[in-house]
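First up is the structure itself, then whatever we jot down about it.
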Amino acid sequence: MSEPPRTAPDPRAADRHAMVEEVARYDRRASAEMGRPGLSPAVLGALGRTPRHLFVPADLQTVAYANNPLPIGHGQTISQPYIVALMTGLLETSPGDTVLEVGTGSGYQAAVLAEMGVIVHSIEIVPALARRARRDLAVAGYADRVTVHEGDGYAGLPDLAPFDGVIVTAAPDHVPAPLLAQLAPGSRLVIPVGASGGHQDLLVVTRDEDGAVRRERVTGVRFVPLTRDAGR
Ligand SMILES: C[S@@+](CC[C@H](N)C(=O)[O-])C[C@H]1O[C@@H](n2cnc3c(N)ncnc32)[C@H](O)[C@@H]1O
């Protein structure tokens, strides 16, 4: 008689694998058009280990592994897996780094960063989304690596700065000075910048070791706007 398997098979593994293949295919075309290197095996590996279905509403779990953004309530979205992968790669993190994310949303991007070996402090302006992401991150096993804060991420988290990378997943119309100030020398801010509902540029803003700031445009994107807490 054969022994039962020690761990239950993951019924979503095939869907997740297919999503990673689709993202890799999409990336081959997109990176050639952008004239950039493609996604690294480390990023694709992190995507392949992150259970996206645990970060979408229950009625959308069957389509959780399509390469599309999905609504998560409160007028917000979980980003397209390709964009999550692209931004994760652009951060150029190393295991053990500490990263600030502005715009927790579902918690999925933070979970992918945790799969890269990064410690994440993520800040969300909609309290109900922050609470749900905290719960879903805990259920998915990321509570030890991701801390969700509530508030206006425009100001960053000065008490925990400097960060080895900052990623912003909602679009302001300019690069917030406080986020730049919280970057450790040599680290990167990955951020969509542009008009709400209009054209936005995905930028990598680097603060060199000597303090000089460089901006590089990567591609055009469409993100929800970065909103501001009127109290600040
Ligand atoms: C595209 S969604 C984020 C996707 C998210 N990273 C994920 O993986 O699901 C953008 C999020 O940014 C949040 N947001 C907008 N303005 C913000 C601000 N000033 N501070 C913090 N979060 C903000 C929105 O409420 C929304 O949840």
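Naming works like this for the structure tokens: A, B, ... for the chains as they're shown, residue 1 at the start of each chain, ligands 1 onward in shown order.
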
>> According to DSSP computed on the backbone, where in segment 124-222 of chain A is there alpha helix (DSSP H)? Give the residues as a ChimeraX atom specification.
In response: /A:127-139,177-181

Keeping only N, CA and C atoms, write the selected residues to a file as a PDB file, in the first residue's frame.
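Result written to selection-v3.pdb:
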```pdb
ATOM      1  N   PRO A 127      -8.433  52.173   5.050  1.00  0.00           N
ATOM      2  CA  PRO A 127      -8.281  51.272   6.207  1.00  0.00           C
ATOM      3  C   PRO A 127      -8.848  49.873   5.985  1.00  0.00           C
ATOM      4  N   ALA A 128     -10.010  49.771   5.293  1.00  0.00           N
ATOM      5  CA  ALA A 128     -10.612  48.438   5.093  1.00  0.00           C
ATOM      6  C   ALA A 128      -9.709  47.558   4.229  1.00  0.00           C
ATOM      7  N   LEU A 129      -9.035  48.166   3.236  1.00  0.00           N
ATOM      8  CA  LEU A 129      -8.108  47.383   2.402  1.00  0.00           C
ATOM      9  C   LEU A 129      -6.883  46.969   3.217  1.00  0.00           C
ATOM     10  N   ALA A 130      -6.390  47.880   4.060  1.00  0.00           N
ATOM     11  CA  ALA A 130      -5.226  47.548   4.896  1.00  0.00           C
ATOM     12  C   ALA A 130      -5.552  46.357   5.797  1.00  0.00           C
ATOM     13  N   ARG A 131      -6.735  46.383   6.385  1.00  0.00           N
ATOM     14  CA  ARG A 131      -7.126  45.283   7.297  1.00  0.00           C
ATOM     15  C   ARG A 131      -7.239  43.963   6.533  1.00  0.00           C
ATOM     16  N   ARG A 132      -7.857  44.018   5.334  1.00  0.00           N
ATOM     17  CA  ARG A 132      -8.028  42.779   4.564  1.00  0.00           C
ATOM     18  C   ARG A 132      -6.681  42.240   4.084  1.00  0.00           C
ATOM     19  N   ALA A 133      -5.814  43.144   3.631  1.00  0.00           N
ATOM     20  CA  ALA A 133      -4.495  42.693   3.163  1.00  0.00           C
ATOM     21  C   ALA A 133      -3.708  42.064   4.313  1.00  0.00           C
ATOM     22  N   ARG A 134      -3.810  42.678   5.483  1.00  0.00           N
ATOM     23  CA  ARG A 134      -3.099  42.126   6.658  1.00  0.00           C
ATOM     24  C   ARG A 134      -3.578  40.693   6.926  1.00  0.00           C
ATOM     25  N   ARG A 135      -4.903  40.512   6.855  1.00  0.00           N
ATOM     26  CA  ARG A 135      -5.477  39.173   7.092  1.00  0.00           C
ATOM     27  C   ARG A 135      -5.012  38.193   6.003  1.00  0.00           C
ATOM     28  N   ASP A 136      -5.114  38.610   4.731  1.00  0.00           N
ATOM     29  CA  ASP A 136      -4.784  37.690   3.632  1.00  0.00           C
ATOM     30  C   ASP A 136      -3.287  37.355   3.621  1.00  0.00           C
ATOM     31  N   LEU A 137      -2.453  38.331   3.958  1.00  0.00           N
ATOM     32  CA  LEU A 137      -1.002  38.073   4.026  1.00  0.00           C
ATOM     33  C   LEU A 137      -0.707  37.062   5.139  1.00  0.00           C
ATOM     34  N   ALA A 138      -1.442  37.169   6.247  1.00  0.00           N
ATOM     35  CA  ALA A 138      -1.228  36.225   7.351  1.00  0.00           C
ATOM     36  C   ALA A 138      -1.677  34.824   6.934  1.00  0.00           C
ATOM     37  N   VAL A 139      -2.850  34.730   6.299  1.00  0.00           N
ATOM     38  CA  VAL A 139      -3.368  33.415   5.860  1.00  0.00           C
ATOM     39  C   VAL A 139      -2.383  32.765   4.885  1.00  0.00           C
ATOM     40  N   ALA A 177       8.757  64.096  -2.739  1.00  0.00           N
ATOM     41  CA  ALA A 177      10.082  64.359  -2.147  1.00  0.00           C
ATOM     42  C   ALA A 177      10.341  63.502  -0.901  1.00  0.00           C
ATOM     43  N   PRO A 178       9.320  63.261  -0.029  1.00  0.00           N
ATOM     44  CA  PRO A 178       9.618  62.461   1.175  1.00  0.00           C
ATOM     45  C   PRO A 178      10.070  61.042   0.831  1.00  0.00           C
ATOM     46  N   LEU A 179       9.537  60.478  -0.266  1.00  0.00           N
ATOM     47  CA  LEU A 179       9.920  59.101  -0.624  1.00  0.00           C
ATOM     48  C   LEU A 179      11.373  59.067  -1.112  1.00  0.00           C
ATOM     49  N   LEU A 180      11.734  60.093  -1.868  1.00  0.00           N
ATOM     50  CA  LEU A 180      13.119  60.193  -2.348  1.00  0.00           C
ATOM     51  C   LEU A 180      14.072  60.340  -1.166  1.00  0.00           C
ATOM     52  N   ALA A 181      13.645  61.114  -0.189  1.00  0.00           N
ATOM     53  CA  ALA A 181      14.497  61.371   0.986  1.00  0.00           C
ATOM     54  C   ALA A 181      14.685  60.098   1.816  1.00  0.00           C
TER      55      ALA A 181
END
```

>> Let me see if you get this right: every residue at most 9 Å from ligand 1, counting only C-alpha atoms and all ligand atoms, written as a PyMOL selection string.
In response: chain A and resi 55-56+69-70+72-81+84+101-112+122-127+129-130+133+149-156+167-172+223-229

> Near Leu47 of chain A, counting only C-alpha atoms, which residues have an atom at most 8 Å away, once you skip same-chain residues fewer than 3 positions from it, shown as a PyMOL selection string?
Replying inline: chain A and resi 20+43-44+50+81+85+112+115

Write a file of the selected residues as a short mmCIF file (atom, residue, chain, number, x, y, z; two decimals), in the first residue's frame, keeping N, CA and C atoms.
```
data_model
loop_
_atom_site.label_atom_id
_atom_site.label_comp_id
_atom_site.auth_asym_id
_atom_site.auth_seq_id
_atom_site.Cartn_x
_atom_site.Cartn_y
_atom_site.Cartn_z
N VAL A 20 2.70 32.12 -15.11
CA VAL A 20 4.11 32.50 -15.20
C VAL A 20 4.60 32.36 -16.64
N VAL A 43 12.74 36.62 -10.36
CA VAL A 43 11.42 37.27 -10.33
C VAL A 43 10.34 36.29 -10.78
N LEU A 44 10.60 35.56 -11.87
CA LEU A 44 9.60 34.58 -12.34
C LEU A 44 9.38 33.49 -11.29
N THR A 50 3.90 32.60 -5.45
CA THR A 50 2.97 33.46 -4.71
C THR A 50 1.52 33.11 -5.07
N PRO A 81 -0.27 40.81 -13.27
CA PRO A 81 0.94 40.08 -12.85
C PRO A 81 2.21 40.52 -13.59
N ALA A 85 5.59 41.86 -11.79
CA ALA A 85 6.90 41.25 -12.05
C ALA A 85 7.90 42.31 -12.54
N VAL A 112 4.84 39.04 -3.29
CA VAL A 112 5.86 38.70 -4.31
C VAL A 112 7.24 39.21 -3.84
N GLU A 115 8.61 36.93 -1.36
CA GLU A 115 9.16 35.73 -2.01
C GLU A 115 10.55 36.00 -2.60
#
```

> Do you have the atom CA of Thr219 of chain A-atom CA of Gln200 of chain A distance handy?
Replying inline: 8.6 Å
